[in-house]
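Below is the file structure_22.txt, which contains compact mmCIF, C-alpha atoms and all ligand atoms.
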```
# COMPACT_ATOMS: atom_id res chain seq x y z
CA MET A 1 125.19 97.76 -18.64
CA GLN A 2 123.65 101.17 -18.14
CA VAL A 3 120.25 101.27 -16.48
CA ILE A 4 118.20 104.37 -17.15
CA LYS A 5 115.09 104.91 -15.07
CA GLY A 6 112.69 107.05 -17.02
CA ILE A 7 113.01 108.40 -20.53
CA GLU A 8 115.33 111.37 -20.03
CA ARG A 9 118.84 111.16 -21.35
CA LEU A 10 120.59 113.82 -23.36
CA GLU A 11 122.86 112.02 -25.77
CA TRP A 12 121.84 108.86 -27.58
CA GLU A 13 123.97 107.11 -30.14
CA ASP A 14 122.29 105.06 -32.85
CA THR A 15 120.35 102.28 -31.18
CA VAL A 16 118.75 98.93 -31.87
CA ILE A 17 115.82 98.64 -29.51
CA THR A 18 113.51 95.93 -28.30
CA ILE A 19 110.49 96.68 -26.13
CA GLY A 20 108.64 94.30 -23.87
CA ASN A 21 107.87 93.12 -20.38
CA PHE A 22 110.37 90.27 -20.52
CA ASP A 23 109.06 88.65 -17.35
CA GLY A 24 111.28 85.67 -16.60
CA VAL A 25 113.92 86.60 -19.19
CA HIS A 26 113.34 83.14 -20.71
CA ILE A 27 115.22 81.70 -23.67
CA GLY A 28 112.76 83.31 -26.11
CA HIS A 29 113.67 86.70 -24.65
CA GLN A 30 117.34 85.76 -24.64
CA ARG A 31 117.10 84.98 -28.33
CA ILE A 32 115.57 88.42 -29.02
CA PHE A 33 118.42 90.05 -27.08
CA ASP A 34 121.03 88.13 -29.08
CA TYR A 35 119.41 89.37 -32.26
CA VAL A 36 119.39 92.96 -30.98
CA LYS A 37 123.07 92.69 -30.06
CA ARG A 38 123.98 91.38 -33.52
CA LYS A 39 122.13 94.21 -35.25
CA ALA A 40 123.64 96.81 -32.91
CA ASN A 41 127.08 95.51 -33.84
CA GLN A 42 126.23 95.72 -37.52
CA ILE A 43 125.27 99.38 -37.33
CA ASN A 44 127.89 100.30 -34.74
CA GLY A 45 125.20 101.32 -32.33
CA LYS A 46 124.04 100.35 -28.87
CA SER A 47 121.73 97.47 -27.93
CA VAL A 48 118.80 98.72 -25.88
CA VAL A 49 116.04 96.93 -23.96
CA VAL A 50 113.05 99.05 -23.07
CA THR A 51 110.91 97.59 -20.31
CA PHE A 52 108.46 98.75 -17.68
CA HIS A 53 107.98 98.87 -13.96
CA PRO A 54 105.50 98.12 -12.55
CA HIS A 55 104.17 95.55 -15.04
CA PRO A 56 101.49 97.33 -17.17
CA ILE A 57 98.81 94.80 -16.24
CA LYS A 58 99.29 95.64 -12.55
CA VAL A 59 98.73 99.34 -13.26
CA LEU A 60 95.84 99.01 -15.69
CA PHE A 61 93.98 96.12 -14.05
CA LYS A 62 94.45 96.51 -10.31
CA ASP A 63 92.69 93.25 -9.42
CA HIS A 64 94.34 91.12 -12.07
CA PRO A 65 95.83 87.99 -10.46
CA LEU A 66 99.01 88.10 -12.56
CA LYS A 67 102.00 86.76 -10.68
CA LEU A 68 105.44 87.63 -12.00
CA ILE A 69 108.30 85.20 -12.48
CA THR A 70 111.12 87.63 -11.81
CA THR A 71 111.45 90.66 -9.59
CA THR A 72 112.41 93.82 -11.49
CA GLU A 73 115.77 93.71 -9.73
CA ASP A 74 116.52 90.20 -11.06
CA LYS A 75 115.12 91.05 -14.47
CA ILE A 76 117.65 93.86 -14.87
CA LYS A 77 120.52 91.63 -13.73
CA LEU A 78 119.43 88.88 -16.12
CA ILE A 79 119.25 91.32 -19.03
CA GLU A 80 122.71 92.54 -18.12
CA LYS A 81 123.97 88.95 -18.21
CA CYS A 82 122.71 88.72 -21.79
CA GLY A 83 125.19 91.43 -22.76
CA ILE A 84 122.78 94.27 -23.54
CA ASP A 85 124.32 97.79 -23.44
CA ILE A 86 121.43 99.81 -22.01
CA THR A 87 118.19 98.96 -20.23
CA VAL A 88 115.58 101.68 -20.04
CA LEU A 89 113.14 101.10 -17.22
CA ILE A 90 110.04 103.18 -17.86
CA PRO A 91 107.90 103.88 -14.82
CA PHE A 92 104.56 102.62 -16.06
CA THR A 93 101.69 104.85 -15.02
CA TYR A 94 98.11 105.33 -16.08
CA GLU A 95 99.17 108.56 -17.86
CA PHE A 96 101.92 106.75 -19.73
CA ALA A 97 99.37 104.19 -20.93
CA GLN A 98 97.46 106.99 -22.65
CA ILE A 99 100.24 107.56 -25.18
CA GLU A 100 99.15 106.47 -28.64
CA ALA A 101 101.28 103.75 -30.21
CA GLU A 102 102.40 106.04 -33.00
CA ASP A 103 103.40 108.81 -30.58
CA PHE A 104 105.32 106.33 -28.47
CA VAL A 105 107.36 105.30 -31.48
CA ARG A 106 107.94 108.81 -32.81
CA GLU A 107 108.44 110.80 -29.63
CA ILE A 108 110.17 108.20 -27.50
CA LEU A 109 111.81 105.51 -29.59
CA LEU A 110 112.88 107.80 -32.41
CA GLN A 111 113.26 111.29 -31.00
CA LYS A 112 114.50 110.37 -27.54
CA PHE A 113 116.25 107.02 -27.98
CA ASN A 114 117.46 107.51 -31.55
CA ALA A 115 116.20 104.11 -32.72
CA LYS A 116 117.54 102.95 -36.06
CA TRP A 117 116.14 99.48 -35.74
CA VAL A 118 113.24 98.14 -33.66
CA VAL A 119 112.95 94.45 -32.83
CA VAL A 120 109.84 92.86 -31.38
CA GLY A 121 108.36 89.43 -30.78
CA TYR A 122 105.64 88.27 -33.20
CA ASP A 123 102.79 89.02 -30.78
CA TYR A 124 104.00 92.24 -29.21
CA ARG A 125 101.48 95.03 -28.76
CA PHE A 126 102.02 98.47 -27.35
CA GLY A 127 100.60 101.94 -26.92
CA LYS A 128 97.18 103.13 -25.84
CA GLU A 129 94.67 100.26 -25.90
CA ARG A 130 97.44 98.05 -27.28
CA LYS A 131 96.73 99.43 -30.73
CA GLY A 132 100.36 99.21 -31.80
CA ASP A 133 101.39 95.96 -33.42
CA LYS A 134 103.95 94.65 -35.89
CA GLU A 135 102.03 96.02 -38.90
CA LEU A 136 101.91 99.52 -37.49
CA LEU A 137 105.59 99.34 -36.60
CA LYS A 138 106.48 98.33 -40.15
CA GLU A 139 104.38 101.15 -41.57
CA LEU A 140 106.04 103.68 -39.25
CA GLY A 141 109.42 102.23 -40.12
CA MET A 142 108.79 102.96 -43.81
CA ARG A 143 107.52 106.44 -43.07
CA TYR A 144 110.30 107.51 -40.68
CA GLY A 145 113.14 105.43 -42.01
CA PHE A 146 113.96 102.90 -39.31
CA LYS A 147 114.23 99.15 -39.69
CA VAL A 148 111.82 96.72 -38.07
CA SER A 149 112.36 93.05 -37.31
CA VAL A 150 109.57 90.84 -36.07
CA LEU A 151 110.91 87.62 -34.59
CA LYS A 152 108.95 84.41 -34.94
CA ALA A 153 107.57 82.40 -32.06
CA TYR A 154 110.20 80.24 -30.47
CA LYS A 155 109.24 76.64 -29.78
CA LYS A 156 110.70 74.17 -27.38
CA LYS A 157 109.34 70.62 -27.14
CA GLY A 158 106.51 71.64 -29.47
CA LYS A 159 105.35 74.40 -27.14
CA ILE A 160 105.54 78.11 -27.88
CA LEU A 161 107.76 79.82 -25.39
CA SER A 162 106.14 82.59 -23.43
CA SER A 163 106.15 84.00 -19.92
CA THR A 164 102.71 82.43 -19.51
CA ALA A 165 104.12 78.99 -20.40
CA VAL A 166 106.81 79.41 -17.74
CA ARG A 167 104.24 80.53 -15.15
CA ASN A 168 102.01 77.56 -15.91
CA ALA A 169 104.89 75.10 -15.67
CA LEU A 170 105.81 76.51 -12.24
CA ILE A 171 102.24 76.45 -10.98
CA GLU A 172 101.90 72.82 -12.12
CA GLY A 173 105.17 71.92 -10.40
CA ASN A 174 106.75 71.07 -13.73
CA ILE A 175 110.16 72.39 -12.76
CA LYS A 176 112.04 70.59 -15.50
CA GLU A 177 109.95 72.33 -18.13
CA ALA A 178 110.11 75.73 -16.43
CA ASN A 179 113.89 75.43 -16.22
CA LEU A 180 114.13 74.34 -19.83
CA PHE A 181 112.16 77.43 -20.88
CA LEU A 182 114.16 79.73 -18.61
CA GLY A 183 117.54 78.35 -19.61
CA ARG A 184 118.42 78.21 -15.92
CA ALA A 185 116.98 76.97 -12.64
CA TYR A 186 113.97 78.85 -11.31
CA HIS A 187 114.88 80.49 -8.03
CA ILE A 188 113.26 82.22 -5.13
CA ASP A 189 115.01 84.52 -2.71
CA GLY A 190 113.87 84.97 0.81
CA GLU A 191 114.80 86.18 4.20
CA VAL A 192 115.13 83.37 6.72
CA VAL A 193 112.56 83.77 9.47
CA LYS A 194 111.73 81.83 12.61
CA GLY A 195 109.75 78.65 11.92
CA ALA A 196 107.91 76.28 14.22
CA GLY A 197 111.19 74.79 15.42
CA ARG A 198 109.90 71.22 14.91
CA GLY A 199 112.45 70.58 12.18
CA SER A 200 115.36 70.32 14.56
CA SER A 201 113.56 69.29 17.75
CA ILE A 202 111.20 66.57 16.49
CA LEU A 203 112.46 65.54 13.06
CA GLY A 204 116.21 66.06 13.21
CA TYR A 205 116.06 67.94 9.90
CA PRO A 206 116.28 71.65 10.68
CA THR A 207 114.87 73.90 7.99
CA ALA A 208 115.37 77.53 7.04
CA ASN A 209 111.91 79.06 6.64
CA LEU A 210 111.66 81.72 3.94
CA ILE A 211 109.48 84.63 2.98
CA PRO A 212 109.84 84.59 -0.82
CA LYS A 213 110.44 87.87 -2.65
CA GLN A 214 109.16 86.42 -5.92
CA GLU A 215 105.46 86.39 -6.66
CA ILE A 216 105.39 82.91 -8.15
CA VAL A 217 106.34 79.93 -6.06
CA PRO A 218 106.28 76.41 -7.53
CA LYS A 219 103.36 74.12 -6.71
CA GLU A 220 103.25 72.70 -3.18
CA GLY A 221 105.48 69.70 -2.73
CA VAL A 222 108.98 68.46 -2.04
CA TYR A 223 111.88 69.50 -4.30
CA ALA A 224 115.56 68.79 -4.84
CA VAL A 225 117.19 72.23 -4.73
CA LYS A 226 120.47 74.06 -4.56
CA VAL A 227 120.81 76.82 -2.01
CA THR A 228 123.06 79.83 -2.36
CA ILE A 229 124.14 81.51 0.82
CA PRO A 230 125.56 84.95 -0.06
CA HIS A 231 129.29 85.40 0.48
CA TYR A 232 129.55 81.72 1.27
CA LYS A 233 128.64 79.04 -1.23
CA THR A 234 126.01 76.98 -2.97
CA LEU A 235 124.96 73.78 -1.24
CA ARG A 236 122.54 70.94 -1.92
CA GLY A 237 119.16 70.92 -0.24
CA VAL A 238 115.62 69.58 -0.05
CA ALA A 239 112.77 72.06 0.03
CA ASN A 240 109.19 71.68 1.15
CA ILE A 241 106.43 74.05 0.11
CA GLY A 242 103.25 73.25 1.93
CA LYS A 243 101.14 73.28 5.06
CA ASN A 244 102.83 70.49 7.00
CA PRO A 245 99.60 68.44 7.26
CA THR A 246 101.33 65.89 9.50
CA PHE A 247 101.22 68.56 12.20
CA GLY A 248 97.81 69.99 11.31
CA ASN A 249 99.09 73.40 10.23
CA LYS A 250 97.03 75.83 8.17
CA ASP A 251 99.54 78.32 6.81
CA LEU A 252 101.66 77.72 3.76
CA SER A 253 105.35 77.60 4.56
CA TYR A 254 108.43 77.64 2.39
CA GLU A 255 111.33 75.80 3.92
CA VAL A 256 114.57 74.21 2.99
CA HIS A 257 116.80 71.72 4.73
CA ILE A 258 120.39 72.37 3.63
CA LEU A 259 122.77 69.41 3.42
CA ASP A 260 126.14 69.64 5.16
CA PHE A 261 125.25 72.89 6.85
CA LYS A 262 124.67 73.69 10.51
CA GLU A 263 124.84 77.47 10.91
CA ASN A 264 121.92 79.64 11.86
CA LEU A 265 120.70 81.72 8.90
CA LEU A 266 118.07 83.77 10.71
CA GLY A 267 117.77 87.23 9.14
CA LYS A 268 119.94 86.34 6.12
CA THR A 269 118.59 86.30 2.58
CA ILE A 270 119.26 83.07 0.71
CA ARG A 271 118.48 81.87 -2.80
CA VAL A 272 116.80 78.52 -3.50
CA HIS A 273 117.25 77.11 -7.02
CA PHE A 274 114.63 74.50 -7.90
CA ILE A 275 116.00 71.51 -9.80
CA SER A 276 113.45 68.71 -9.61
CA ARG A 277 110.12 67.91 -7.98
CA LEU A 278 110.35 64.80 -5.82
CA ARG A 279 106.79 64.25 -4.53
CA ASP A 280 103.60 65.75 -3.14
CA GLU A 281 103.50 66.82 0.46
CA LYS A 282 101.58 64.21 2.49
CA LYS A 283 99.92 63.78 5.83
CA PHE A 284 101.88 61.06 7.60
CA ASN A 285 100.61 59.09 10.57
CA SER A 286 103.50 60.07 12.77
CA PRO A 287 106.54 62.34 12.83
CA GLU A 288 108.68 59.18 12.66
CA GLU A 289 107.12 58.21 9.35
CA LEU A 290 107.71 61.72 7.99
CA LYS A 291 111.30 61.53 9.21
CA LEU A 292 111.89 58.31 7.23
CA ASN A 293 110.43 59.93 4.15
CA ILE A 294 112.65 62.99 4.48
CA ALA A 295 115.68 60.69 4.74
CA ASN A 296 114.52 59.10 1.49
CA ASP A 297 113.92 62.54 -0.11
CA ILE A 298 117.50 63.45 0.72
CA GLU A 299 118.88 60.30 -0.90
CA ARG A 300 116.86 60.94 -4.03
CA ALA A 301 117.88 64.60 -4.09
CA LYS A 302 121.55 63.60 -3.88
CA GLU A 303 121.08 61.32 -6.90
CA VAL A 304 119.28 64.00 -8.92
CA LEU A 305 121.73 66.74 -8.02
CA LYS A 306 124.76 64.62 -8.82
CA ARG A 307 123.68 64.37 -12.45
CA ASP A 308 122.25 67.84 -12.79
CA ARG A 309 123.82 70.49 -15.02
CA THR A 310 121.09 73.16 -14.93
CA LYS A 311 122.58 76.65 -15.00
CA LEU A 312 122.17 78.69 -11.86
CA PHE A 313 121.66 82.42 -11.63
CA LEU A 314 124.05 83.47 -8.89
CA ASP A 315 124.09 87.29 -9.05
CA PHE A 316 122.48 88.67 -5.95
N1 LIG B 401 105.55 67.93 6.29
C1 LIG B 401 104.45 67.17 6.10
O1 LIG B 401 103.49 67.28 6.85
N2 LIG B 401 104.37 66.27 5.06
C2 LIG B 401 105.40 66.06 4.22
O2 LIG B 401 105.27 65.25 3.28
C3 LIG B 401 106.60 66.82 4.41
N3 LIG B 401 107.67 66.62 3.63
C4 LIG B 401 108.82 67.30 3.88
C5 LIG B 401 109.94 67.05 3.12
C6 LIG B 401 111.13 67.72 3.36
C7 LIG B 401 112.32 67.43 2.51
C8 LIG B 401 111.19 68.71 4.38
C9 LIG B 401 112.45 69.47 4.63
C10 LIG B 401 110.08 68.97 5.13
C11 LIG B 401 108.88 68.27 4.91
N4 LIG B 401 107.74 68.51 5.68
C12 LIG B 401 106.62 67.76 5.48
C13 LIG B 401 107.69 69.67 6.58
C14 LIG B 401 107.91 69.37 8.04
O3 LIG B 401 106.68 69.06 8.61
C15 LIG B 401 108.51 70.63 8.64
O4 LIG B 401 109.82 70.79 8.15
C16 LIG B 401 108.55 70.64 10.15
O5 LIG B 401 107.25 70.50 10.65
C17 LIG B 401 109.14 71.92 10.68
O6 LIG B 401 108.44 73.04 10.27
MG MG B 402 112.22 75.53 10.06
```
Once more with this new file: its structure as structure tokens, please.
Ligand code: RBF
Ligand code: MG
Amino acid sequence: MQVIKGIERLEWEDTVITIGNFDGVHIGHQRIFDYVKRKANQINGKSVVVTFHPHPIKVLFKDHPLKLITTTEDKIKLIEKCGIDITVLIPFTYEFAQIEAEDFVREILLQKFNAKWVVVGYDYRFGKERKGDKELLKELGMRYGFKVSVLKAYKKKGKILSSTAVRNALIEGNIKEANLFLGRAYHIDGEVVKGAGRGSSILGYPTANLIPKQEIVPKEGVYAVKVTIPHYKTLRGVANIGKNPTFGNKDLSYEVHILDFKENLLGKTIRVHFISRLRDEKKFNSPEELKLNIANDIERAKEVLKRDRTKLFLDF
């Protein structure tokens, strides 16, 4: 896949284009990309995804609490996995946001990217003050001679798929649902940093403590996970996101105990794939009691992971 940063490129073949933020690259997005690929094949053109960095909301509303599901780096790799020919990453600035919807279509999609077909989700809006919508696109399509497809909402388990639905599932700790919507396991990547050291000394369950790169982290609690160590392999694990109340901590920590693994990972970046939520984090009366519970977590995680077939995203 070609990745073009910015809007300059000299030669464009005929293209079928979709525009959006595509945070999470969930199965609704994947379905749009499949459609774009089919149409591109039909017209012998290229499939193109136009997306933005940073996320427009972060530029236009500086204090907005929006937390993203995927990093831009992962988003591009996930789009590539869908088989798209070209991703255009437009640097989103305040100036860019001033472009009227109609000008965006004419000057960028048509004149620059040679769009013959534009595909959007049913609720997509674009251009200055979000004035561009599916009706305007259809009108412009008639005027300038390009095709427009508006894809219907995609439902799973009676819920409309959206990035917001994925975010909410993660924040509620509903990993099963988030994974169902994503079509893969939600993951976080993080560099392994020094923790309190209690894991190995007091509990006998050493943990790798992470600083997550992703903005969204699932709700506090204990999870059955799979852990990918780059250039090595993917192993089973149990993760804890929380404040370790048994030890009276205050700071949130993200840690994972990896099964069948003894090496030191300090300074390495690892990927944790969330498979299932096992329980809330609790304040136990003693480290011994916590230790017994972790042993139980591990047994349950082994059971869950044995049966699990959730797809993993392994491209680093
Ligand atoms: N700490 C708690 O205070 N309460 C818990 O319920 C708890 N559950 C955990 C479950 C697992 C699977 C793991 C790996 C850790 C858990 N911890 C919990 C965190 C533990 O206190 C921490 O790993 C050590 O204090 C070392 O930082
Ligand atoms: Mg640790």
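Closest to Phe274 in chain A among A:Arg184, A:Lys194, A:Lys37, A:His64 is A:Arg184, based on all atoms listed in the file.
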Problem - Shell around Leu259 in chain A at 12 Å using all atoms listed in the file, local window under 3 positions removed, as a ChimeraX atom specification - result: /A:205-208,224-228,234-239,256,262-263,295,297-299,301-302,305
Exercise for the section: Tell me, in Å to one decimal, how far CA of Gly242 in chain A is from CA of Phe181 in chain A. Expected result: 24.8 Å
Practice task
With a distance cut-off of 9 Å and all atoms listed in the file, select the neighbouring residues of Cys82 in chain A, excluding the residue or stretch itself and same-chain residues fewer than 6 positions from it, and output the selection as a list in words.
Solution key: Gln30, Phe33 and Asp34 of chain A
Problem - Pairwise distance for CA of Asn44 in chain A and CA of Gly183 in chain A, rounded to one decimal in Å - result: 28.6 Å
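With only C-alpha atoms as the atoms that count, the residue of A:His26, A:Gly173, A:Ile57, A:Glu288 with the shortest distance to Tyr154 in chain A is A:His26.
CA of Phe104 in chain A is positioned 15.0 Å from CA of Glu135 in chain A.
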Exercise for the section: Show which residues sit within 12 Å of range 174-179 of chain A, as an MDAnalysis selection string. Count all atoms listed in the file, and ignore same-chain residues fewer than 2 positions away. Expected result: chainID A and resid 24:27 69 156:159 161:172 181:187 216:225 273:279 304 308:313
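At a cut-off of 12 Å from (125.4, 90.6, -16.7), the residue set is Met1, Gln2, Val3, Asp74, Lys75, Ile76, Lys77, Leu78, Ile79, Glu80, Lys81, Cys82, Gly83, Ile84, Asp85, Ile86, Thr87, Phe313, Leu314, Asp315 and Phe316 of chain A (counting only C-alpha atoms).
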Practice task
Return as a PyMOL selection string the residues of protein, DNA or RNA that approach ligand MG 402 (chain B) to within 12 Å, with only C-alpha atoms and all ligand atoms taken into account.
Solution key: chain A and resi 192-211+239-241+244+253-258+264-266
Completion exercise
Residue with the minimum atom-to-atom distance to ligand LIG 401 (chain B), picked from A:Val59, A:Leu151, A:Ile90, A:Leu292 with all atoms listed in the file counted, is A:Leu292
